[in-house]
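K.L.:
Below is one structure. I have some questions about it.
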Amino acid sequence: MKKTVTALAFCYVFFIAKGQENIIDRYAGTITKEDLKDYLSILSSDALEGRETGTRGQKMAAAFIKSHFTEIGLQPGVSNLNPPQYFQDVPLEISSPGETYLVVNGQRKENFHKVIYYGTQNVPEESEIEVVFGGDGQNEVLKSMDLKDKGLVVFNKAGFQAYSTIRKKIQEMGAKALLVVNTDSIEAFNKLARQFENYMGKGSLQLPSKNTDEQNIGVFFLPPELAVEILDNDVDHIEKAIEAQKAGDSKAFNKIKPGKIGYKITREVKTIVSENVLGYLEGNENKEELIIITAHYDHIGRVGDEINNGADDDGSGTVAVMEIAQAFAEAKQNGHGPRRSILFMAVTGEEKGLLGSQYYVENPVYRLENTMVNLNIDMIGRIDAKYEAHHDYVYLVGSDRLSNELHEISENINEKYTGLKLDYTYNDENHPDRIYYRSDHWNFAKNNIPVIFYFNGTHPDYHRPTDTVDKIAFETLQKRTKLIFHTAWELANRENRIALNKQ
Ligand SMILES: [Zn+2]
């Protein structure tokens, strides 16, 4: 008798478990290559013009995702508006260089032509300052100089990190301007000026009054001839002073006559609105607890006549979110809704500095304390060089940073359902690419919300017009999407909220 009961109980548990497995597999099975390709062919088509934040193409993409969320039966995610909306408006400023120039010997040297200004300072009235020579800007040299209210000229080709260090140092000393010669000839300088004009001319996007550090004096780049004209007017003197200083004469630069410059720096600021697209699926039991699944849907638009279609970046992540949402929505309609709630969010402005996710965490629709985890997807449709021969892989970043439990769940789920090779190369804190800080999950991690970031690694088509839909490995994209679906299913349905590591 006892034995029979045990056997029956065993069978019962087995069938429940088996039934549950069948249910999960059934909905995982709705994630198909065909759907992924269908959505991605639309998102990355030329008609959407590269989905640049704030442009017509981005609005079209937002409308497309919203209509998908509506059609599959997600609720409008922005529930704190009346009536609730699918769009969270994200106000953004486009800040572009305005009238900006140096005056040397009575002549105006315009930005992007005779000089290049890289920075955010605002000097609306032309002002005049004394300028002194600082060699290559080494600390040793600078510390004996009086830079209060002065400009400093340095010859230094070490790159932006070095200029930023010098800039901070001399700002502490009260300097007003940093002028860097980082090219050997006027030709090299002109080339650099064209690059800067293309890069900065169309303006940079930011959240209103964020990321602009008006205290930051920035950097003027100038060709060597202009530096010489400003200072001593004799290139030999300057070269000799550099030699003498290298040989140990710490006062060598004092022999270079200081000069004077006038300068003016202004910016033009225009306000636009972009949108995060939010679809919400309410949980059955722990409704207030939330899982957020994100991918950024906009991209970098056109460069001249060429369109950056952004099929992998991040069309691939966006369509994965759409397919996962559809699988969960269908499950719920059939009575298999998740225990916790899920927010599916297509995020704006990632390429411009993680702006949409920053705006969301600063203006959360659902309490961040109740947000259990963020699964973020950015580029999962391609195969990188390392895995050319073995496509079944994905890079995971962040899974063990805030919750070891999350990491274990992620590993176990993969083993059980998808069997992909999980590669943690980019999770190394010392990895030079610093991927943990470079996509939208970072804004959640900053708020102590555990994250997993899914990524296919880099490829030569990154941020180029050649990131197109024909290069997407849909078989692999489907497998990776299923991994994220299964992980989300487990997180949404497990008994307990995942624990944070003790720190
Ligand atoms: Zn991206």
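Just so we're on the same page: first chain in the structure tokens is A, next is B, and so on; residues restart at 1 for each chain, and ligands are numbered from 1 in the order they show up.
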Going by DSSP on the backbone, which residues of region 164-246 of chain A come out as helix (DSSP H, G or I)? List them as a PyMOL selection string.

P.N.:
chain A and resi 164-172+186-200+224-230+235-246

K.L.:
So that I can see what lies close to region 77-90 of chain A, please list as a VMD selection string the residues with an atom at most 7 Å from it, counting only C-alpha atoms and leaving out residues fewer than 5 positions away in the same chain.

P.N.:
chain A and resid 66 273 to 280 343 356 359 365

K.L.:
Find, counting only C-alpha atoms and all ligand atoms, the residue in A:Val131, A:Leu205, A:Ile72, A:Met379 that gets nearest to ligand 1.

P.N.:
A:Met379

K.L.:
Which neighbours of Ser204 (chain A) fall inside 10 Å, counting only C-alpha atoms, when residues of the same chain fewer than 2 positions from it are skipped, and could you give them as an NGL selection string?

P.N.:
:A and (92-97 or 199-202 or 206 or 269 or 352-353)

K.L.:
May I have the residues within 7 Å of ligand 1, computed using only C-alpha atoms and all ligand atoms, as a list in words?

P.N.:
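The residues near ligand 1 are His296, Asp313, Asp314, Glu350, Glu351, Asp378, Met379 and Ser439 of chain A.
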
K.L.:
Just the number, please: distance in Å from CA of Glu330 (chain A) to CA of Glu34 (chain A), one decimal.

P.N.:
17.3 Å

K.L.:
Quick one: residues within 6 Å of region 228-243 of chain A, only C-alpha atoms, excluding same-chain residues fewer than 6 positions away - as number ranges by chain?

P.N.:
A: 252-253, 256-259

K.L.:
Could you dump the residues just selected with C-alpha atoms as a CSV table (one decimal), in the first residue's frame?

P.N.:
```
chain,number,residue,atom,x,y,z
A,252,ALA,CA,63.8,75.9,-20.4
A,253,PHE,CA,60.2,76.9,-21.3
A,256,ILE,CA,59.6,81.0,-24.7
A,257,LYS,CA,57.8,84.3,-24.9
A,258,PRO,CA,54.2,84.1,-23.8
A,259,GLY,CA,51.5,85.2,-26.3
```

K.L.:
Tell me, as a list in words, which residues lie within 10 Å of region 44-48 of chain A, counting only C-alpha atoms; anything in the same chain fewer than 5 positions away does not count.

P.N.:
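Counting only the stated atoms, we get Tyr39, Thr55, Arg56, Gly57, Gln58, Lys59, Met60, Ala61, Tyr297, Asp298, His299, Gly301, Arg302, Glu306, Ile307, Asn308, Asn309, Gly310, Ala311, Asp312, Asp313, Asp314, Gly315, Ser316, Asp467, Thr468 and Val469 of chain A.
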
K.L.:
Using only C-alpha atoms, which protein or nucleic acid residues come within 9 Å of region 24-31 of chain A? Drop anything in the same chain fewer than 6 positions from it, and give the result as a PDB file with N, CA and C atoms, in the first residue's frame.

P.N.:
```pdb
ATOM      1  N   ALA A 320      14.608  40.014 -30.775  1.00  0.00           N
ATOM      2  CA  ALA A 320      14.599  38.981 -29.729  1.00  0.00           C
ATOM      3  C   ALA A 320      13.603  39.364 -28.634  1.00  0.00           C
ATOM      4  N   GLU A 323      10.088  38.746 -29.896  1.00  0.00           N
ATOM      5  CA  GLU A 323       9.722  37.320 -29.938  1.00  0.00           C
ATOM      6  C   GLU A 323       9.508  36.745 -28.530  1.00  0.00           C
ATOM      7  N   ILE A 324      10.352  37.145 -27.589  1.00  0.00           N
ATOM      8  CA  ILE A 324      10.213  36.662 -26.209  1.00  0.00           C
ATOM      9  C   ILE A 324       8.894  37.184 -25.637  1.00  0.00           C
ATOM     10  N   GLN A 326       6.229  37.947 -27.271  1.00  0.00           N
ATOM     11  CA  GLN A 326       5.137  37.224 -27.919  1.00  0.00           C
ATOM     12  C   GLN A 326       4.946  35.844 -27.286  1.00  0.00           C
ATOM     13  N   ALA A 327       6.057  35.164 -26.954  1.00  0.00           N
ATOM     14  CA  ALA A 327       5.967  33.830 -26.335  1.00  0.00           C
ATOM     15  C   ALA A 327       5.312  33.924 -24.952  1.00  0.00           C
ATOM     16  N   PHE A 328       5.718  34.896 -24.150  1.00  0.00           N
ATOM     17  CA  PHE A 328       5.134  35.072 -22.814  1.00  0.00           C
ATOM     18  C   PHE A 328       3.663  35.481 -22.900  1.00  0.00           C
ATOM     19  N   GLU A 330       1.529  34.820 -25.289  1.00  0.00           N
ATOM     20  CA  GLU A 330       0.730  33.667 -25.718  1.00  0.00           C
ATOM     21  C   GLU A 330       0.539  32.699 -24.546  1.00  0.00           C
ATOM     22  N   ALA A 331       1.602  32.481 -23.782  1.00  0.00           N
ATOM     23  CA  ALA A 331       1.508  31.599 -22.609  1.00  0.00           C
ATOM     24  C   ALA A 331       0.449  32.135 -21.640  1.00  0.00           C
ATOM     25  N   TYR A 417      18.384  23.560 -21.289  1.00  0.00           N
ATOM     26  CA  TYR A 417      17.564  23.806 -22.479  1.00  0.00           C
ATOM     27  C   TYR A 417      18.320  24.109 -23.764  1.00  0.00           C
ATOM     28  N   GLN A 478      18.146  32.591 -33.153  1.00  0.00           N
ATOM     29  CA  GLN A 478      17.015  31.886 -32.550  1.00  0.00           C
ATOM     30  C   GLN A 478      17.438  31.152 -31.271  1.00  0.00           C
ATOM     31  N   LYS A 479      18.578  30.472 -31.309  1.00  0.00           N
ATOM     32  CA  LYS A 479      19.044  29.728 -30.132  1.00  0.00           C
ATOM     33  C   LYS A 479      19.320  30.666 -28.963  1.00  0.00           C
ATOM     34  N   THR A 481      18.040  33.618 -28.509  1.00  0.00           N
ATOM     35  CA  THR A 481      16.762  34.178 -28.048  1.00  0.00           C
ATOM     36  C   THR A 481      16.060  33.185 -27.124  1.00  0.00           C
ATOM     37  N   LYS A 482      16.134  31.898 -27.476  1.00  0.00           N
ATOM     38  CA  LYS A 482      15.526  30.869 -26.626  1.00  0.00           C
ATOM     39  C   LYS A 482      16.206  30.798 -25.262  1.00  0.00           C
ATOM     40  N   PHE A 485      14.813  33.591 -23.323  1.00  0.00           N
ATOM     41  CA  PHE A 485      13.428  33.272 -22.964  1.00  0.00           C
ATOM     42  C   PHE A 485      13.378  32.298 -21.777  1.00  0.00           C
ATOM     43  N   HIS A 486      14.138  31.218 -21.857  1.00  0.00           N
ATOM     44  CA  HIS A 486      14.129  30.217 -20.780  1.00  0.00           C
ATOM     45  C   HIS A 486      14.622  30.818 -19.460  1.00  0.00           C
ATOM     46  N   TRP A 489      11.920  32.957 -18.140  1.00  0.00           N
ATOM     47  CA  TRP A 489      10.812  32.123 -17.635  1.00  0.00           C
ATOM     48  C   TRP A 489      11.110  31.643 -16.213  1.00  0.00           C
TER      49      TRP A 489
END
```

K.L.:
Nearest residue to Asn182 (chain A) out of A:Ile409, A:Ala329, A:Leu43, A:Val153, using only C-alpha atoms?

P.N.:
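Under the stated criterion, the closest residue is A:Val153.
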
K.L.:
Of the residues A:Thr183, A:Ser41, A:Gln245, A:Gln121, which is the one nearest to Gly137 (chain A), using only C-alpha atoms?

P.N.:
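Closest candidate: A:Gln245.
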
K.L.:
Can you pull out every residue within 7 Å of region 388-403 of chain A, counting only C-alpha atoms, but drop anything in the same chain fewer than 4 positions away, and send it as a VMD selection string?

P.N.:
chain A and resid 383 to 384 407 420 to 424 426 to 427 436 450 to 457 476 499 to 501
